[in-house]
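See structure below.
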Amino acid sequence: MAVCARLCGVGPARGCRRRGAAREQRRGGAGDSEPDTDTDPEEAGGGAAAEDEEAAERIEGGRPAPHPAGAGPAGRAPLSLLELPPELLVQIFGSLPGTDLPSLARVCTTFRRILRTDTIWRRRCREEYGVCENLRKLEITGVSCQDVYAKLLHRYRHILGLWQPDIGPYGGLLNVVVDGLFIIGWMYLPPHDPHVDDPMRFKPLFRIHLMERKCATVECMYGHKGPHNGHIQIVKKDEFSTKCNQTDHHRMSGGRQEEFRTWLREEWGRTLEDIFHEHMQELILMKFIYTSQYDNCLTYRRIYLPPSSPDDLIKPGLFKGTYGSHGLEIVMLSFHGKKAKGTKITGDPNIPAGQQTVEIDLAHPLQLPDIENLRDFSELSRIVLEVQEQVRREEQEREHWQEEEDRSQQAASQPAAKPLEGEGAEGEETAAGAEGTTQDKAPASQPFVLPMGVISRNEDYPRTCRICFYGTGLIAGHGFTSPERTPGVFVLFDDDRFGFIWLELKSFSLYSRIKVSFQNAEAPSREAFDEMLKNIQSLAT
């Protein structure tokens, strides 16, 4: 603040306001640099006099304003910001973050007056939130660009990004974005089963916009009767909730039967008569009954996209995958050293959202047999079970080595010598090097076919793959009872598709990348992402 004051000519160079208040009074007034203590962006340019409005209009229209009294002679370089033309100050202030402008407005009333210029706030709306609409049209409604920034964009900035709704085992994927002069919460839905390569579907759940200058309006978009009154509450960091105040808009004239038929067409793209599998009918009806309870109030928790590294097998991200009678579900693929994890963003009564559905051991690639032997399920099982036994022995050896190291540390008068740690790290590097060598030696593509007896919801899977790895898949009974990890095969087809063979279930899941550019979804750090994974898994458990 002292630096700003000095630049604008109210510091020691022109008489400090705080230390020279008596001198200012003797000169007969407080001048044009009265400090202000308001820090809200909404108030950064408010409170100016009528003559200030005229000056602001002159600035907005690009007409030069007279230099302040005391400016130096012509040709002399300005000694303070106040000696610069107002239109240049508009350009300077418009390049600053909107959150810094309230502090700038506290320097003096001249700065505060200039900050009432809509050009500044129009630029901040565009550069910080991507608002590209012609904001001049807002003048008709009496809403300024500063109102849009302060009462809509800045106020609700914390809910922008990706979120997982708390809908029991089913979860979901919500993307909150700035869409024109609205903030809209879009619920993303997988394509209809089993078309895993089709694009995602989405529908609005709520929207926020500025109806008048007073405050932003929240509207619920659920149902088929148009937007209606809603409410948003930011519960705590990385969590918020929505509530509908007019749930009668969600009901249909035909009652629950009509609502169920409409939901079924939207969710599955078919009627109940088209689904002949009795167990699948039960699962669909159960999901409708369960999710209908959450049509008036929902809580959302923030999720991040996984961070990427040049060493990753493929780019991490969100995928949609087939899960038998449960239909298509959304899975997040992330890499953690020599492991890759698939975490459910949407789930089902067996394996709920938040659980780790598959884990891939990147240190144990699999060499598949030739195409004829690959059709034999027993041959594939033999190969996978051999690797499973190898992994089990390696884990036992690591546990034994760890026990020996713990004993030596307890017996020693000093902490364990660092060379032991170096040996362990060197061993890890060697394993990682072996892994890289294996991947380098793997052919660019090799023929692939599912073994006889393995069930796939989508028969249109790729017939060539890059590489396969040993992995485990999580299976459980209804209600997530008796969960256990069973061996399987991770099959990498290309940069955007992979598969997983569940040996015990004799089932195959095909996954396809979700090709949507999500904004405000990057994790601030690897630690923050790992913490997010841990939190959603603990909630699911």
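Residue numbers start at 1 in each chain; chains themselves are named A, B, ... in the order of the structure tokens; ligands are numbered from 1 in the order shown.
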
Write out as a PyMOL selection string all residues of range 272-358 of chain A that DSSP puts in strand (DSSP E) for this structure's backbone.
chain A and resi 297-302+317-322+328-336+339-344+356-358

Please list as a ChimeraX atom specification every residue within 7 Å of range 203-208 of chain A, counting only C-alpha atoms and excluding residues in the same chain fewer than 2 positions away.
/A:182-188,216-222

File dump, residues just selected, all heavy atoms, as a CSV table (one decimal), in the first residue's frame:
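See again13.csv below for the written result:
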chain,number,residue,atom,x,y,z
A,182,PHE,N,-24.1,-17.2,-17.4
A,182,PHE,CA,-24.6,-18.1,-16.4
A,182,PHE,C,-23.4,-19.0,-15.8
A,182,PHE,O,-22.4,-19.2,-16.5
A,182,PHE,CB,-25.6,-19.1,-17.1
A,182,PHE,CG,-26.9,-18.5,-17.5
A,182,PHE,CD1,-26.9,-17.9,-18.8
A,182,PHE,CD2,-28.0,-18.5,-16.8
A,182,PHE,CE1,-28.1,-17.3,-19.3
A,182,PHE,CE2,-29.2,-17.9,-17.2
A,182,PHE,CZ,-29.2,-17.3,-18.5
A,183,ILE,N,-23.7,-19.5,-14.6
A,183,ILE,CA,-22.9,-20.6,-14.1
A,183,ILE,C,-23.8,-21.8,-14.1
A,183,ILE,O,-24.8,-21.7,-13.4
A,183,ILE,CB,-22.3,-20.2,-12.7
A,183,ILE,CG1,-21.3,-19.1,-12.8
A,183,ILE,CG2,-21.7,-21.5,-12.0
A,183,ILE,CD1,-20.7,-18.7,-11.4
A,184,ILE,N,-23.4,-22.8,-14.8
A,184,ILE,CA,-24.3,-24.0,-14.9
A,184,ILE,C,-23.6,-25.2,-14.4
A,184,ILE,O,-22.4,-25.5,-14.7
A,184,ILE,CB,-24.7,-24.2,-16.4
A,184,ILE,CG1,-25.4,-22.9,-16.9
A,184,ILE,CG2,-25.6,-25.4,-16.6
A,184,ILE,CD1,-25.8,-23.0,-18.4
A,185,GLY,N,-24.4,-26.1,-13.7
A,185,GLY,CA,-23.9,-27.4,-13.2
A,185,GLY,C,-24.4,-28.4,-14.2
A,185,GLY,O,-25.6,-28.7,-14.2
A,186,TRP,N,-23.5,-29.0,-15.0
A,186,TRP,CA,-23.9,-30.1,-15.9
A,186,TRP,C,-23.6,-31.4,-15.4
A,186,TRP,O,-22.4,-31.7,-15.0
A,186,TRP,CB,-23.1,-29.9,-17.2
A,186,TRP,CG,-23.4,-28.6,-18.0
A,186,TRP,CD1,-22.7,-27.5,-18.0
A,186,TRP,CD2,-24.5,-28.4,-18.9
A,186,TRP,NE1,-23.3,-26.5,-18.8
A,186,TRP,CE2,-24.4,-27.1,-19.4
A,186,TRP,CE3,-25.6,-29.2,-19.3
A,186,TRP,CZ2,-25.3,-26.5,-20.3
A,186,TRP,CZ3,-26.5,-28.7,-20.2
A,186,TRP,CH2,-26.4,-27.4,-20.7
A,187,MET,N,-24.6,-32.3,-15.3
A,187,MET,CA,-24.3,-33.7,-14.9
A,187,MET,C,-24.0,-34.5,-16.2
A,187,MET,O,-24.7,-34.5,-17.1
A,187,MET,CB,-25.6,-34.3,-14.3
A,187,MET,CG,-25.4,-35.7,-13.8
A,187,MET,SD,-24.3,-35.9,-12.4
A,187,MET,CE,-25.4,-35.6,-11.1
A,188,TYR,N,-22.8,-35.1,-16.1
A,188,TYR,CA,-22.3,-35.9,-17.3
A,188,TYR,C,-22.8,-37.4,-17.1
A,188,TYR,O,-22.5,-38.0,-16.0
A,188,TYR,CB,-20.8,-35.8,-17.4
A,188,TYR,CG,-20.4,-34.6,-18.2
A,188,TYR,CD1,-20.5,-33.3,-17.6
A,188,TYR,CD2,-20.0,-34.7,-19.5
A,188,TYR,CE1,-20.1,-32.2,-18.4
A,188,TYR,CE2,-19.7,-33.6,-20.3
A,188,TYR,CZ,-19.7,-32.4,-19.7
A,188,TYR,OH,-19.4,-31.2,-20.4
A,216,ALA,N,-27.4,-12.5,-7.2
A,216,ALA,CA,-27.5,-13.6,-8.2
A,216,ALA,C,-28.7,-14.5,-7.8
A,216,ALA,O,-29.1,-14.6,-6.7
A,216,ALA,CB,-26.2,-14.4,-8.3
A,217,THR,N,-29.3,-15.1,-8.9
A,217,THR,CA,-30.4,-16.0,-8.7
A,217,THR,C,-30.0,-17.5,-9.0
A,217,THR,O,-29.4,-17.8,-10.0
A,217,THR,CB,-31.6,-15.6,-9.6
A,217,THR,OG1,-32.0,-14.3,-9.3
A,217,THR,CG2,-32.8,-16.6,-9.5
A,218,VAL,N,-30.4,-18.4,-8.1
A,218,VAL,CA,-30.1,-19.8,-8.2
A,218,VAL,C,-31.4,-20.5,-8.6
A,218,VAL,O,-32.4,-20.3,-8.0
A,218,VAL,CB,-29.6,-20.4,-6.9
A,218,VAL,CG1,-29.3,-21.9,-7.1
A,218,VAL,CG2,-28.3,-19.8,-6.5
A,219,GLU,N,-31.3,-21.3,-9.7
A,219,GLU,CA,-32.5,-22.0,-10.2
A,219,GLU,C,-32.2,-23.5,-10.4
A,219,GLU,O,-31.1,-23.9,-10.9
A,219,GLU,CB,-32.9,-21.4,-11.6
A,219,GLU,CG,-33.4,-20.0,-11.5
A,219,GLU,CD,-33.8,-19.4,-12.8
A,219,GLU,OE1,-33.1,-19.8,-13.8
A,219,GLU,OE2,-34.7,-18.6,-12.9
A,220,CYS,N,-33.1,-24.3,-10.0
A,220,CYS,CA,-33.0,-25.8,-10.1
A,220,CYS,C,-33.5,-26.1,-11.6
A,220,CYS,O,-34.5,-25.6,-12.0
A,220,CYS,CB,-33.9,-26.5,-9.1
A,220,CYS,SG,-33.9,-28.3,-9.3
A,221,MET,N,-32.8,-27.0,-12.2
A,221,MET,CA,-33.2,-27.4,-13.6
A,221,MET,C,-33.7,-28.8,-13.7
A,221,MET,O,-33.9,-29.3,-14.8
A,221,MET,CB,-31.9,-27.2,-14.5
A,221,MET,CG,-31.3,-25.8,-14.5
A,221,MET,SD,-32.4,-24.6,-15.3
A,221,MET,CE,-32.2,-25.0,-17.0
A,222,TYR,N,-33.9,-29.4,-12.6
A,222,TYR,CA,-34.3,-30.8,-12.6
A,222,TYR,C,-35.8,-30.9,-13.0
A,222,TYR,O,-36.6,-30.0,-12.7
A,222,TYR,CB,-34.1,-31.4,-11.2
A,222,TYR,CG,-34.3,-32.9,-11.1
A,222,TYR,CD1,-33.2,-33.8,-11.3
A,222,TYR,CD2,-35.5,-33.5,-10.8
A,222,TYR,CE1,-33.3,-35.1,-11.2
A,222,TYR,CE2,-35.7,-34.9,-10.7
A,222,TYR,CZ,-34.6,-35.7,-10.9
A,222,TYR,OH,-34.7,-37.0,-10.9

Determine, counting only C-alpha atoms, which protein, DNA and RNA residues have an atom within 8 Å of an atom of Lys344 in chain A; residues of the same chain fewer than 3 positions away are not included. Present the result as a PyMOL selection string.
chain A and resi 329-332+347+352-357

Could you take the residues named above and write them with N, CA and C atoms, as a PDB file, in the first residue's frame?
ATOM      1  N   GLU A 329     -20.151 -47.297 -16.713  1.00  0.00           N
ATOM      2  CA  GLU A 329     -19.772 -46.512 -15.543  1.00  0.00           C
ATOM      3  C   GLU A 329     -18.523 -45.703 -15.843  1.00  0.00           C
ATOM      4  N   ILE A 330     -18.305 -44.632 -15.059  1.00  0.00           N
ATOM      5  CA  ILE A 330     -17.165 -43.731 -15.261  1.00  0.00           C
ATOM      6  C   ILE A 330     -16.047 -44.114 -14.293  1.00  0.00           C
ATOM      7  N   VAL A 331     -14.842 -44.263 -14.845  1.00  0.00           N
ATOM      8  CA  VAL A 331     -13.670 -44.681 -14.063  1.00  0.00           C
ATOM      9  C   VAL A 331     -12.540 -43.691 -14.302  1.00  0.00           C
ATOM     10  N   MET A 332     -11.808 -43.367 -13.238  1.00  0.00           N
ATOM     11  CA  MET A 332     -10.643 -42.485 -13.331  1.00  0.00           C
ATOM     12  C   MET A 332      -9.374 -43.329 -13.305  1.00  0.00           C
ATOM     13  N   GLY A 347     -20.831 -45.696  -9.674  1.00  0.00           N
ATOM     14  CA  GLY A 347     -20.741 -47.072  -9.206  1.00  0.00           C
ATOM     15  C   GLY A 347     -22.076 -47.784  -9.234  1.00  0.00           C
ATOM     16  N   PRO A 352     -19.356 -49.763  -5.092  1.00  0.00           N
ATOM     17  CA  PRO A 352     -19.863 -48.377  -5.117  1.00  0.00           C
ATOM     18  C   PRO A 352     -18.855 -47.386  -5.674  1.00  0.00           C
ATOM     19  N   ALA A 353     -19.343 -46.210  -6.019  1.00  0.00           N
ATOM     20  CA  ALA A 353     -18.483 -45.120  -6.476  1.00  0.00           C
ATOM     21  C   ALA A 353     -17.461 -44.790  -5.396  1.00  0.00           C
ATOM     22  N   GLY A 354     -16.234 -44.508  -5.834  1.00  0.00           N
ATOM     23  CA  GLY A 354     -15.148 -44.208  -4.909  1.00  0.00           C
ATOM     24  C   GLY A 354     -14.213 -45.368  -4.688  1.00  0.00           C
ATOM     25  N   GLN A 355     -14.660 -46.594  -4.971  1.00  0.00           N
ATOM     26  CA  GLN A 355     -13.813 -47.759  -4.763  1.00  0.00           C
ATOM     27  C   GLN A 355     -12.846 -47.949  -5.937  1.00  0.00           C
ATOM     28  N   GLN A 356     -11.731 -48.607  -5.648  1.00  0.00           N
ATOM     29  CA  GLN A 356     -10.726 -48.890  -6.668  1.00  0.00           C
ATOM     30  C   GLN A 356     -11.111 -50.180  -7.384  1.00  0.00           C
ATOM     31  N   THR A 357     -11.631 -50.044  -8.596  1.00  0.00           N
ATOM     32  CA  THR A 357     -12.176 -51.189  -9.308  1.00  0.00           C
ATOM     33  C   THR A 357     -11.082 -52.095  -9.871  1.00  0.00           C
TER      34      THR A 357
END

Per residue of range 300-321 of chain A within 12 Å of range 191-194 of chain A, what are the shortest atom pair and its distance in Å to one decimal, counting only C-alpha atoms, with rows by chain and residue number, as CSV?
residue,atom,partner,partner_atom,distance
A:Phe319,CA,A:Pro191,CA,11.6
A:Lys320,CA,A:Pro191,CA,8.5
A:Gly321,CA,A:Pro194,CA,8.9

Write out as JSON lines a residue-level contact list of range 138-177 of chain A versus range 531-536 of chain A with cut-off 12 Å: for each qualifying residue the closest pair of atoms and the distance in Å to one decimal, counting only C-alpha atoms, rows sorted by chain and residue number upward.
{"residue": "A:Trp163", "atom": "CA", "partner": "A:Ile536", "partner_atom": "CA", "distance": 11.0}
{"residue": "A:Gln164", "atom": "CA", "partner": "A:Ile536", "partner_atom": "CA", "distance": 8.9}
{"residue": "A:Pro165", "atom": "CA", "partner": "A:Ile536", "partner_atom": "CA", "distance": 10.8}
{"residue": "A:Asp166", "atom": "CA", "partner": "A:Ile536", "partner_atom": "CA", "distance": 9.9}
{"residue": "A:Gly168", "atom": "CA", "partner": "A:Ile536", "partner_atom": "CA", "distance": 11.8}
{"residue": "A:Pro169", "atom": "CA", "partner": "A:Ile536", "partner_atom": "CA", "distance": 11.4}
{"residue": "A:Gly171", "atom": "CA", "partner": "A:Ile536", "partner_atom": "CA", "distance": 10.1}

Mind writing the picked residues with all heavy atoms as a PDB file, in the first residue's frame?
ATOM      1  N   TRP A 163     -17.060 -32.346  -9.703  1.00  0.00           N
ATOM      2  CA  TRP A 163     -17.606 -32.753  -8.416  1.00  0.00           C
ATOM      3  C   TRP A 163     -18.256 -34.125  -8.527  1.00  0.00           C
ATOM      4  O   TRP A 163     -18.723 -34.517  -9.594  1.00  0.00           O
ATOM      5  CB  TRP A 163     -18.644 -31.742  -7.926  1.00  0.00           C
ATOM      6  CG  TRP A 163     -18.130 -30.354  -7.831  1.00  0.00           C
ATOM      7  CD1 TRP A 163     -18.015 -29.448  -8.850  1.00  0.00           C
ATOM      8  CD2 TRP A 163     -17.612 -29.708  -6.667  1.00  0.00           C
ATOM      9  NE1 TRP A 163     -17.467 -28.275  -8.385  1.00  0.00           N
ATOM     10  CE2 TRP A 163     -17.214 -28.409  -7.053  1.00  0.00           C
ATOM     11  CE3 TRP A 163     -17.463 -30.100  -5.331  1.00  0.00           C
ATOM     12  CZ2 TRP A 163     -16.670 -27.499  -6.144  1.00  0.00           C
ATOM     13  CZ3 TRP A 163     -16.929 -29.194  -4.437  1.00  0.00           C
ATOM     14  CH2 TRP A 163     -16.535 -27.912  -4.838  1.00  0.00           C
ATOM     15  N   GLN A 164     -18.266 -34.827  -7.406  1.00  0.00           N
ATOM     16  CA  GLN A 164     -18.954 -36.119  -7.333  1.00  0.00           C
ATOM     17  C   GLN A 164     -20.134 -35.985  -6.376  1.00  0.00           C
ATOM     18  O   GLN A 164     -19.956 -35.688  -5.189  1.00  0.00           O
ATOM     19  CB  GLN A 164     -18.005 -37.212  -6.831  1.00  0.00           C
ATOM     20  CG  GLN A 164     -18.629 -38.600  -6.832  1.00  0.00           C
ATOM     21  CD  GLN A 164     -17.681 -39.644  -6.254  1.00  0.00           C
ATOM     22  OE1 GLN A 164     -17.139 -39.461  -5.164  1.00  0.00           O
ATOM     23  NE2 GLN A 164     -17.484 -40.726  -6.983  1.00  0.00           N
ATOM     24  N   PRO A 165     -21.359 -36.165  -6.873  1.00  0.00           N
ATOM     25  CA  PRO A 165     -22.527 -36.062  -5.984  1.00  0.00           C
ATOM     26  C   PRO A 165     -22.611 -37.260  -5.057  1.00  0.00           C
ATOM     27  O   PRO A 165     -22.230 -38.385  -5.420  1.00  0.00           O
ATOM     28  CB  PRO A 165     -23.711 -36.019  -6.960  1.00  0.00           C
ATOM     29  CG  PRO A 165     -23.220 -36.696  -8.186  1.00  0.00           C
ATOM     30  CD  PRO A 165     -21.746 -36.418  -8.274  1.00  0.00           C
ATOM     31  N   ASP A 166     -23.093 -37.014  -3.867  1.00  0.00           N
ATOM     32  CA  ASP A 166     -23.263 -38.087  -2.877  1.00  0.00           C
ATOM     33  C   ASP A 166     -24.633 -38.736  -3.097  1.00  0.00           C
ATOM     34  O   ASP A 166     -25.629 -38.334  -2.492  1.00  0.00           O
ATOM     35  CB  ASP A 166     -23.136 -37.509  -1.466  1.00  0.00           C
ATOM     36  CG  ASP A 166     -23.230 -38.579  -0.391  1.00  0.00           C
ATOM     37  OD1 ASP A 166     -23.257 -39.775  -0.760  1.00  0.00           O
ATOM     38  OD2 ASP A 166     -23.281 -38.232   0.800  1.00  0.00           O
ATOM     39  N   GLY A 168     -25.324 -42.204  -2.684  1.00  0.00           N
ATOM     40  CA  GLY A 168     -25.102 -43.578  -2.251  1.00  0.00           C
ATOM     41  C   GLY A 168     -24.043 -44.262  -3.091  1.00  0.00           C
ATOM     42  O   GLY A 168     -22.990 -43.689  -3.390  1.00  0.00           O
ATOM     43  N   PRO A 169     -24.295 -45.502  -3.524  1.00  0.00           N
ATOM     44  CA  PRO A 169     -23.282 -46.238  -4.296  1.00  0.00           C
ATOM     45  C   PRO A 169     -23.151 -45.762  -5.735  1.00  0.00           C
ATOM     46  O   PRO A 169     -22.190 -46.135  -6.419  1.00  0.00           O
ATOM     47  CB  PRO A 169     -23.798 -47.681  -4.255  1.00  0.00           C
ATOM     48  CG  PRO A 169     -25.286 -47.543  -4.144  1.00  0.00           C
ATOM     49  CD  PRO A 169     -25.506 -46.326  -3.286  1.00  0.00           C
ATOM     50  N   GLY A 171     -22.968 -42.497  -7.131  1.00  0.00           N
ATOM     51  CA  GLY A 171     -22.077 -41.391  -7.433  1.00  0.00           C
ATOM     52  C   GLY A 171     -22.539 -40.596  -8.634  1.00  0.00           C
ATOM     53  O   GLY A 171     -23.729 -40.479  -8.931  1.00  0.00           O
TER      54      GLY A 171
END

Nearest to Arg466 in chain A by atom-to-atom distance, counting only C-alpha atoms, from A:Pro190, A:Pro365, A:Gly342, A:Gly180:
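When distances to Arg466 in chain A are compared using only C-alpha atoms, the smallest one comes from A:Pro365.
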
When distances are computed from only C-alpha atoms, which of A:Gln537, A:Gln410, A:Thr322, A:Gln519 shows the smallest separation from Ile455 in chain A?
A:Thr322

Tell me, as a list in words, which residues lie within 12 Å of Arg155 in chain A, counting only C-alpha atoms; anything in the same chain fewer than 2 positions away does not count.
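The contact residues come out as Asp40, Pro41, Glu42, Thr99, Gln146, Asp147, Val148, Tyr149, Ala150, Lys151, Leu152, Leu153, Arg157, His158, Ile159, Leu160, Ile183, Ile208, His209, Leu210, Cys215, Ala216, Ile232, Gln233 and Ile234 of chain A.
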
Record the distance separating CA of Phe490 in chain A and CA of Ile360 in chain A, expressed in Å with one decimal.
6.7 Å

Nearest residue to His478 in chain A from the set A:Leu272, A:Ala363, A:Ile351, A:Leu333 (distances using only C-alpha atoms):
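Counting only C-alpha atoms, the residue closest to His478 in chain A is A:Ile351.
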
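Compared by their closest atoms to Ser512 in chain A, and using only C-alpha atoms, the residues A:Arg497, A:Lys339, A:His249, A:Arg526 rank with A:Arg497 nearest.
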
What's around Gly327 in chain A at 12 Å? Count only C-alpha atoms, leave out sequence neighbours fewer than 6 positions away in its own chain, and write the answer as JSON, numbers by chain.
{"A": [170, 189, 190, 191, 192, 193, 194, 195, 196, 267, 268, 269, 280, 281, 283, 284, 287, 320, 321, 346, 347, 348, 456, 457, 458, 509, 510]}

With a distance cut-off of 10 Å and only C-alpha atoms, select the neighbouring residues of Arg485 in chain A, excluding the residue or stretch itself and same-chain residues fewer than 3 positions from it, and output the selection as a ChimeraX atom specification.
/A:357-359,471-476,488

Going by DSSP on the backbone, which bits of range 78-321 of chain A are alpha helix (DSSP H)? Write them as a VMD selection string, please.
chain A and resid 86 to 94 101 to 105 109 to 114 118 to 129 145 to 147 255 to 268 278 to 292
